[in-house]
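Trainee: This is coords_36.csv, which holds CSV, C-alpha atoms:
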chain,number,residue,atom,x,y,z
A,1,MET,CA,0.0,0.0,0.0
A,2,SER,CA,1.4,3.4,-1.0
A,3,THR,CA,2.0,6.1,1.6
A,4,ALA,CA,-0.4,8.4,-0.2
A,5,ALA,CA,-3.2,5.9,0.4
A,6,HIS,CA,-2.7,6.0,4.2
A,7,PRO,CA,-5.7,7.8,5.8
A,8,GLY,CA,-3.6,9.8,8.2
A,9,ASP,CA,-5.7,12.6,9.6
A,10,LEU,CA,-8.8,10.6,8.8
A,11,LEU,CA,-8.0,8.2,11.6
A,12,SER,CA,-8.7,10.8,14.3
A,13,ALA,CA,-11.8,11.9,12.4
A,14,LEU,CA,-12.9,8.2,12.4
A,15,LEU,CA,-12.6,8.2,16.2
A,16,ASP,CA,-14.6,11.4,16.4
A,17,GLY,CA,-17.4,10.4,14.1
A,18,GLU,CA,-16.4,13.1,11.6
A,19,LEU,CA,-16.2,11.0,8.5
A,20,THR,CA,-18.9,10.6,5.8
A,21,ALA,CA,-20.2,7.0,5.4
A,22,ARG,CA,-18.1,6.6,2.3
A,23,GLU,CA,-14.9,7.9,4.0
A,24,GLU,CA,-15.4,5.6,7.0
A,25,GLU,CA,-15.9,2.6,4.8
A,26,ASP,CA,-12.6,3.4,2.9
A,27,VAL,CA,-10.7,4.0,6.1
A,28,ARG,CA,-11.9,0.8,7.8
A,29,ALA,CA,-11.1,-1.2,4.7
A,30,HIS,CA,-7.6,0.3,4.7
A,31,LEU,CA,-7.1,-0.5,8.4
A,32,GLU,CA,-7.8,-4.2,7.9
A,33,THR,CA,-4.7,-4.6,5.8
A,34,CYS,CA,-2.3,-1.9,7.1
A,35,ALA,CA,-0.3,-2.5,10.3
A,36,ASP,CA,1.2,1.0,10.3
A,37,CYS,CA,-2.2,2.6,10.3
A,38,GLN,CA,-3.5,0.2,12.9
A,39,ARG,CA,-0.5,1.3,15.1
A,40,GLU,CA,-1.2,5.0,14.3
A,41,LEU,CA,-4.8,4.6,15.2
A,42,ARG,CA,-3.9,3.0,18.5
A,43,LEU,CA,-1.6,5.9,19.4
A,44,VAL,CA,-4.0,8.6,18.6
A,45,THR,CA,-6.7,6.7,20.4
A,46,GLU,CA,-4.5,6.7,23.5
A,47,GLY,CA,-3.6,10.4,23.1
A,48,ARG,CA,-7.3,11.3,22.7
A,49,ALA,CA,-8.2,9.2,25.8
A,50,SER,CA,-5.5,11.0,27.9
A,51,LEU,CA,-7.0,14.4,27.0
A,52,ARG,CA,-10.6,13.3,27.5
A,53,ASP,CA,-9.8,11.8,30.9
A,54,LEU,CA,-8.4,15.1,32.3
A,55,PRO,CA,-10.4,16.3,35.3
A,56,PRO,CA,-11.9,19.8,35.6
A,57,VAL,CA,-9.7,22.3,37.4
A,58,ASP,CA,-11.1,24.4,40.2
A,59,PRO,CA,-10.2,28.1,40.2
A,60,PRO,CA,-8.5,29.4,43.4
A,61,PHE,CA,-10.9,30.1,46.2
A,62,GLY,CA,-12.5,33.6,45.8
A,63,PHE,CA,-11.0,34.0,42.3
A,64,TYR,CA,-14.1,35.2,40.6
A,65,GLU,CA,-15.2,37.3,43.5
A,66,ARG,CA,-11.9,39.2,43.3
A,67,LEU,CA,-12.5,39.7,39.6
A,68,VAL,CA,-16.0,41.1,40.2
A,69,ARG,CA,-14.9,43.4,43.0
A,70,PRO,CA,-13.1,46.1,41.0
A,71,ARG,CA,-16.3,46.8,39.1
A,72,HIS,CA,-17.9,48.1,42.3
A,73,ARG,CA,-15.0,49.9,43.7
A,74,TRP,CA,-16.6,53.4,43.4
A,75,ALA,CA,-19.8,52.3,45.1
A,76,ARG,CA,-17.7,50.7,47.8
A,77,ALA,CA,-15.7,53.8,48.2
A,78,GLY,CA,-18.9,55.8,48.5
A,79,VAL,CA,-20.2,53.6,51.2
A,80,ALA,CA,-16.9,53.7,53.0
A,81,ALA,CA,-16.9,57.5,52.9
A,82,LEU,CA,-20.5,57.6,54.2
A,83,ALA,CA,-19.6,55.2,57.0
A,84,ALA,CA,-16.5,57.2,57.9
A,85,GLY,CA,-18.5,60.4,57.9
A,86,ALA,CA,-21.2,58.9,60.1
A,87,ALA,CA,-18.5,57.6,62.5
A,88,ALA,CA,-16.9,61.0,62.6
A,89,SER,CA,-20.2,62.7,63.3
A,90,VAL,CA,-20.9,60.4,66.3
A,91,GLY,CA,-17.5,61.1,67.6
A,92,ILE,CA,-17.9,64.8,67.3
A,93,MET,CA,-21.3,64.7,69.0
A,94,ALA,CA,-19.9,62.6,71.8
A,95,LEU,CA,-17.1,65.1,72.3
A,96,ALA,CA,-19.4,68.2,72.0
A,97,ALA,CA,-22.2,66.9,74.3
A,98,PRO,CA,-22.2,68.4,77.8
A,99,ARG,CA,-20.9,65.9,80.2
A,100,GLU,CA,-21.4,65.5,83.9
A,101,ALA,CA,-19.1,63.7,86.2
A,102,THR,CA,-21.9,61.7,87.9
A,103,VAL,CA,-25.6,61.0,87.2
A,104,ALA,CA,-27.8,61.9,90.1
A,105,PRO,CA,-31.5,61.5,89.5
A,106,HIS,CA,-33.9,63.0,92.0
A,107,VAL,CA,-35.2,59.7,93.3
A,108,ALA,CA,-37.2,60.9,96.2
A,109,GLN,CA,-39.0,63.4,94.0
A,110,LEU,CA,-39.8,60.7,91.5
A,111,VAL,CA,-41.2,58.4,94.2
A,112,ASP,CA,-43.5,61.1,95.5
A,113,ALA,CA,-44.8,61.8,92.0
A,114,HIS,CA,-45.5,58.2,91.4
A,115,THR,CA,-47.3,57.7,94.8
A,116,ALA,CA,-49.5,60.6,94.0
A,117,SER,CA,-50.6,59.4,90.6
A,118,ALA,CA,-50.8,55.7,91.5
A,119,SER,CA,-53.5,56.0,94.2
A,120,THR,CA,-56.3,53.5,93.9
A,121,SER,CA,-58.9,55.8,95.3
A,122,GLY,CA,-61.3,57.2,92.7
A,123,ASP,CA,-60.4,54.6,90.2
A,124,PRO,CA,-63.4,52.2,89.6
A,125,ILE,CA,-61.3,49.4,88.2
A,126,SER,CA,-58.7,49.6,91.0
A,127,GLU,CA,-61.4,49.5,93.6
A,128,ILE,CA,-62.9,46.3,92.3
A,129,THR,CA,-59.5,44.5,92.1
A,130,PRO,CA,-57.0,45.6,94.7
A,131,ALA,CA,-53.6,46.0,93.2
A,132,ALA,CA,-52.0,43.7,95.7
A,133,ALA,CA,-54.5,40.8,95.2
A,134,PRO,CA,-52.7,37.5,94.5
A,135,VAL,CA,-53.2,36.2,91.0
A,136,SER,CA,-53.2,32.6,90.1
A,137,TRP,CA,-52.3,31.8,86.5
A,138,ASN,CA,-53.4,28.2,86.8
A,139,ARG,CA,-57.1,28.8,87.0
B,1,MET,CA,-22.6,46.2,23.7
B,2,ALA,CA,-22.7,42.4,23.8
B,3,GLY,CA,-25.3,40.7,21.7
B,4,GLU,CA,-28.9,40.5,22.5
B,5,GLY,CA,-29.6,38.2,25.4
B,6,ALA,CA,-26.0,38.0,26.4
B,7,PRO,CA,-25.5,37.0,30.0
B,8,THR,CA,-23.7,39.2,32.4
B,9,TRP,CA,-20.2,38.1,33.2
B,10,GLU,CA,-21.3,37.6,36.8
B,11,GLU,CA,-23.7,35.0,35.6
B,12,LEU,CA,-21.0,33.5,33.5
B,13,ALA,CA,-18.7,33.3,36.4
B,14,ARG,CA,-21.4,31.7,38.6
B,15,SER,CA,-22.5,29.1,36.0
B,16,HIS,CA,-19.5,28.4,33.9
B,17,GLY,CA,-16.6,29.7,36.0
B,18,ARG,CA,-15.1,26.3,36.6
B,19,PHE,CA,-15.4,25.3,33.0
B,20,LEU,CA,-13.8,28.5,31.8
B,21,TYR,CA,-11.0,28.2,34.3
B,22,THR,CA,-10.4,24.6,33.2
B,23,VAL,CA,-10.2,25.5,29.5
B,24,ALA,CA,-7.8,28.4,30.4
B,25,TYR,CA,-5.6,26.1,32.5
B,26,ARG,CA,-5.5,23.5,29.8
B,27,LEU,CA,-4.4,26.0,27.2
B,28,THR,CA,-1.9,27.9,29.3
B,29,GLY,CA,-0.6,25.2,31.6
B,30,ASN,CA,-0.2,27.2,34.8
B,31,ARG,CA,-2.5,29.0,37.2
B,32,GLU,CA,-1.1,32.5,36.8
B,33,ASP,CA,-1.5,32.5,33.0
B,34,ALA,CA,-4.9,30.8,33.4
B,35,GLU,CA,-6.1,33.6,35.7
B,36,ASP,CA,-4.9,36.2,33.3
B,37,LEU,CA,-6.6,34.5,30.4
B,38,VAL,CA,-9.9,34.1,32.3
B,39,GLN,CA,-9.7,37.8,33.1
B,40,GLU,CA,-9.1,38.7,29.5
B,41,VAL,CA,-12.1,36.5,28.4
B,42,LEU,CA,-14.4,38.3,30.9
B,43,LEU,CA,-13.1,41.7,29.8
B,44,ARG,CA,-13.9,40.8,26.2
B,45,VAL,CA,-17.3,39.6,27.2
B,46,ARG,CA,-18.0,42.8,29.1
B,47,ARG,CA,-16.7,45.0,26.4
B,48,GLY,CA,-18.8,43.2,23.9
B,49,LEU,CA,-15.9,42.5,21.7
B,50,GLU,CA,-17.3,39.1,21.0
B,51,THR,CA,-20.8,38.9,19.7
B,52,TYR,CA,-22.9,36.6,21.7
B,53,GLN,CA,-24.8,34.0,19.7
B,54,PRO,CA,-27.5,32.1,21.5
B,55,GLY,CA,-26.4,28.5,21.6
B,56,SER,CA,-23.8,26.6,23.6
B,57,MET,CA,-22.6,29.0,26.3
B,58,GLU,CA,-19.5,26.8,26.8
B,59,GLY,CA,-18.7,26.7,23.1
B,60,TRP,CA,-19.0,30.5,23.0
B,61,LEU,CA,-16.7,31.0,26.0
B,62,SER,CA,-14.2,28.5,24.8
B,63,ARG,CA,-14.1,30.2,21.4
B,64,ILE,CA,-13.3,33.5,23.1
B,65,ALA,CA,-10.7,31.9,25.4
B,66,THR,CA,-8.8,30.1,22.6
B,67,ASN,CA,-8.8,33.3,20.5
B,68,ALA,CA,-7.6,35.4,23.4
B,69,PHE,CA,-4.9,32.7,24.1
B,70,LEU,CA,-3.7,32.6,20.5
B,71,ASP,CA,-3.8,36.4,20.3
B,72,ASP,CA,-1.5,36.5,23.3
B,73,VAL,CA,0.8,33.9,21.9
B,74,ARG,CA,1.2,35.9,18.7
B,75,ARG,CA,1.8,39.0,20.6
B,76,ARG,CA,4.5,37.4,22.7
B,77,ARG,CA,6.2,35.7,19.9
B,78,ARG,CA,9.4,37.4,19.3
B,79,ARG,CA,10.7,35.4,16.4
B,80,PRO,CA,8.8,33.4,13.8
B,81,GLU,CA,8.8,29.7,14.5
B,82,GLY,CA,9.9,27.2,11.9
B,83,ARG,CA,7.3,25.9,9.6
B,84,LEU,CA,3.7,26.5,10.4
B,85,PRO,CA,2.0,23.5,11.9
B,86,GLU,CA,-0.5,23.4,9.0
B,87,ASP,CA,2.4,23.2,6.5
B,88,PRO,CA,1.5,20.2,4.4
B,89,ASP,CA,5.2,19.1,4.5
B,90,TRP,CA,5.2,19.0,8.2
B,91,VAL,CA,5.3,15.4,9.4
B,92,LEU,CA,5.1,13.7,12.7
B,93,PRO,CA,8.5,13.4,14.4
B,94,PRO,CA,10.0,9.9,14.6
B,95,ALA,CA,7.9,7.9,17.0
B,96,GLY,CA,10.7,7.0,19.3
B,97,GLY,CA,9.2,5.1,22.2
B,98,ALA,CA,5.6,5.6,21.1
B,99,ASP,CA,5.1,1.9,20.8
B,100,GLU,CA,5.8,1.5,24.5
B,101,ALA,CA,2.6,1.1,26.4
B,102,LEU,CA,1.4,4.0,28.4
B,103,ALA,CA,1.6,3.7,32.1
B,104,THR,CA,-1.4,2.1,33.6
B,105,GLU,CA,-2.5,5.4,34.9
B,106,VAL,CA,-1.3,8.6,33.3
B,107,LEU,CA,-1.3,11.5,35.8
B,108,PRO,CA,-3.2,14.6,34.8
B,109,ASP,CA,0.0,16.7,35.5
B,110,ASP,CA,1.9,14.5,33.0
B,111,VAL,CA,-0.8,15.0,30.3
B,112,GLN,CA,-0.8,18.7,31.0
B,113,ALA,CA,3.0,18.9,30.7
B,114,ALA,CA,2.6,17.1,27.4
B,115,ILE,CA,0.0,19.6,26.2
B,116,GLN,CA,2.4,22.4,26.9
B,117,ARG,CA,4.8,20.8,24.4
B,118,LEU,CA,2.4,21.0,21.6
B,119,PRO,CA,2.5,23.9,19.2
B,120,GLU,CA,-0.1,26.4,20.3
B,121,ASP,CA,-2.3,26.0,17.2
B,122,PHE,CA,-2.4,22.2,17.8
B,123,ARG,CA,-3.0,22.8,21.5
B,124,ALA,CA,-6.0,25.0,20.8
B,125,ALA,CA,-7.5,22.4,18.4
B,126,VAL,CA,-7.2,19.4,20.8
B,127,VAL,CA,-8.4,21.4,23.8
B,128,LEU,CA,-11.5,22.5,21.8
B,129,CYS,CA,-12.1,19.0,20.6
B,130,ASP,CA,-11.2,16.8,23.6
B,131,VAL,CA,-11.6,19.1,26.6
B,132,VAL,CA,-14.5,21.2,25.4
B,133,GLY,CA,-16.1,18.7,23.1
B,134,LEU,CA,-16.8,20.9,20.0
B,135,SER,CA,-17.3,19.4,16.6
B,136,TYR,CA,-14.7,19.9,13.8
B,137,GLN,CA,-17.0,22.4,12.2
B,138,GLU,CA,-17.4,24.4,15.4
B,139,ILE,CA,-13.7,24.4,15.9
B,140,GLY,CA,-13.1,25.6,12.4
B,141,LYS,CA,-15.5,28.4,12.9
B,142,SER,CA,-14.0,29.3,16.2
B,143,LEU,CA,-10.4,29.4,14.9
B,144,GLY,CA,-11.2,30.7,11.5
B,145,ILE,CA,-9.7,27.7,9.7
B,146,PRO,CA,-11.0,25.1,7.2
B,147,VAL,CA,-12.3,21.8,8.6
B,148,GLY,CA,-9.5,20.0,6.8
B,149,THR,CA,-7.0,22.0,8.9
B,150,VAL,CA,-8.9,21.2,12.0
B,151,ARG,CA,-8.7,17.5,11.3
B,152,SER,CA,-5.0,17.8,10.7
B,153,ARG,CA,-4.2,19.7,13.8
B,154,ILE,CA,-6.3,17.4,16.0
B,155,HIS,CA,-4.7,14.2,14.6
B,156,ARG,CA,-1.2,15.5,14.8
B,157,GLY,CA,-1.8,17.1,18.2
B,158,ARG,CA,-3.0,13.8,19.6
B,159,ALA,CA,-0.2,11.8,18.0
B,160,LEU,CA,2.4,14.3,19.3
B,161,LEU,CA,0.9,14.2,22.8
B,162,ARG,CA,0.9,10.5,22.9
B,163,GLU,CA,4.5,10.5,21.7
B,164,VAL,CA,5.5,13.0,24.4
B,165,LEU,CA,3.8,10.9,27.1
B,166,THR,CA,6.1,8.0,26.5
B,167,ARG,CA,9.3,10.0,26.5
B,168,PRO,CA,11.4,9.7,29.6
Go ahead and express the file in the form of structure tokens.

Mentor:
Amino acid sequence: MSTAAHPGDLLSALLDGELTAREEEDVRAHLETCADCQRELRLVTEGRASLRDLPPVDPPFGFYERLVRPRHRWARAGVAALAAGAAASVGIMALAAPREATVAPHVAQLVDAHTASASTSGDPISEITPAAAPVSWNR
Amino acid sequence: MAGEGAPTWEELARSHGRFLYTVAYRLTGNREDAEDLVQEVLLRVRRGLETYQPGSMEGWLSRIATNAFLDDVRRRRRRPEGRLPEDPDWVLPPAGGADEALATEVLPDDVQAAIQRLPEDFRAAVVLCDVVGLSYQEIGKSLGIPVGTVRSRIHRGRALLREVLTRP
């Protein structure tokens, strides 16, 4: 068989189902009698299998997130500026607010006011049910 | 603007990020270049340099990736290589130890190293065929070459790869 008659590239096309019916018939007929092409077919079959058996490759963790991030950098900068401004305002208010060394509520005065307003006399509901009556929740 | 109905690149990253990274890694052979290539693909998608055609999303992405890869190769190439891979006079190198059986299990890193030794045009063709799974016609359209050239690059690429895998 002459070299020109060897199917060559058509051997891979045979594996890939890329030949016409006529081409496939010719290639298969040639393979039956040509040891060189049988060997070549075996080699490309193995090369093809090595490629097809390769596993997927995972990108590094966070890779796409890092790629996306630059798109929003101005928005993020704006938010950061607002946050910084807010923090500064709080700080300024805290510094500017009048401060007392101690907090001294007028407790006695508050108790008197409460006693006056919490009297049960004159309140029809309070008169029916004394404020101190025990209450059972299991009834 | 990208074509009508083109997905956003955030959607691409979410749905096809692993696929795209795999194609980029198989083409470039290392993580740093793969990351650069993925970034370039996403930039092209965002700038609308590639017209989206409804169909296989992975086919579309891998077409952009291989073209970006080959563009980069041509840009970096300082001196012309010998004969072009599609030169009809180009023949397979002597098949040294190719008749030796492959190891029972060929490690992915070994296969990747062998891919790196293929001429870039061959590499693009076999990656599109055997990693992505495109048809010869789709590969020809993606790379702008006739189907006969696709067939030649795939066959020679596989044979070379197999040859390299048995070299010490």

Trainee: Should the cut-off be 8 Å, what would the residue list for chain B against chain A look like, counting only C-alpha atoms, as a list in words?

Mentor: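 Selected residues: Glu10, Ala13, Gly17, Arg18, Phe19, Tyr21, Thr22, Tyr25, Gln39, Ala98, Asp99, Val106, Pro108, Val111, Val126, Val127, Asp130, Val131, Tyr136, Arg151, Ser152, Ile154, His155, Arg156, Arg158, Ala159, Leu161, Arg162 and Glu163 of chain B.
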
Trainee: Could you state the separation of CA of Phe61 in chain A and CA of Asp36 in chain B in Å, given to one decimal place?

Mentor: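 Interatomic distance here is 15.5 Å.
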
Trainee: Which residues are near Ala65 in chain B? Cut-off 10 Å, only C-alpha atoms, ignore same chain within fewer than 6 positions. Put them as a PyMOL selection string.

Mentor: chain B and resi 20-21+23-24+27+34+37-42+44+59+71+124

Trainee: May I have the residues from that selection written out with C-alpha atoms, as a tab-separated table (two decimals), keeping the file's coordinate frame?

Mentor:
chain	number	residue	atom	x	y	z
B	20	LEU	CA	-13.80	28.50	31.80
B	21	TYR	CA	-11.00	28.20	34.30
B	23	VAL	CA	-10.20	25.50	29.50
B	24	ALA	CA	-7.80	28.40	30.40
B	27	LEU	CA	-4.40	26.00	27.20
B	34	ALA	CA	-4.90	30.80	33.40
B	37	LEU	CA	-6.60	34.50	30.40
B	38	VAL	CA	-9.90	34.10	32.30
B	39	GLN	CA	-9.70	37.80	33.10
B	40	GLU	CA	-9.10	38.70	29.50
B	41	VAL	CA	-12.10	36.50	28.40
B	42	LEU	CA	-14.40	38.30	30.90
B	44	ARG	CA	-13.90	40.80	26.20
B	59	GLY	CA	-18.70	26.70	23.10
B	71	ASP	CA	-3.80	36.40	20.30
B	124	ALA	CA	-6.00	25.00	20.80

Trainee: What separation in Å, quoted to one decimal, exists between CA of Glu105 in chain B and CA of Val164 in chain B?

Mentor: 15.2 Å

Trainee: In Å, with one decimal, what is the gap from CA of Asp121 in chain B to CA of Gly29 in chain B?

Mentor: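 Going from CA of Asp121 in chain B over to CA of Gly29 in chain B covers 14.5 Å.
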
Trainee: Counting only C-alpha atoms, which of B:Arg77, B:Ile115, B:Thr166, B:Leu128 gets nearest to Ile64 in chain B?

Mentor: B:Leu128

Trainee: Could you list, as a PDB file with C-alpha atoms, in the coordinates of the input, every residue within 9 Å of Leu31 in chain A, counting all atoms listed in the file and ignoring same-chain residues fewer than 6 positions away?

Mentor:
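Now in out-v4.pdb:
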ATOM      1  CA  HIS A   6      -2.700   6.000   4.200  1.00  0.00           C
ATOM      2  CA  PRO A   7      -5.700   7.800   5.800  1.00  0.00           C
ATOM      3  CA  CYS A  37      -2.200   2.600  10.300  1.00  0.00           C
ATOM      4  CA  GLN A  38      -3.500   0.200  12.900  1.00  0.00           C
ATOM      5  CA  LEU A  41      -4.800   4.600  15.200  1.00  0.00           C
TER       6      LEU A  41
END
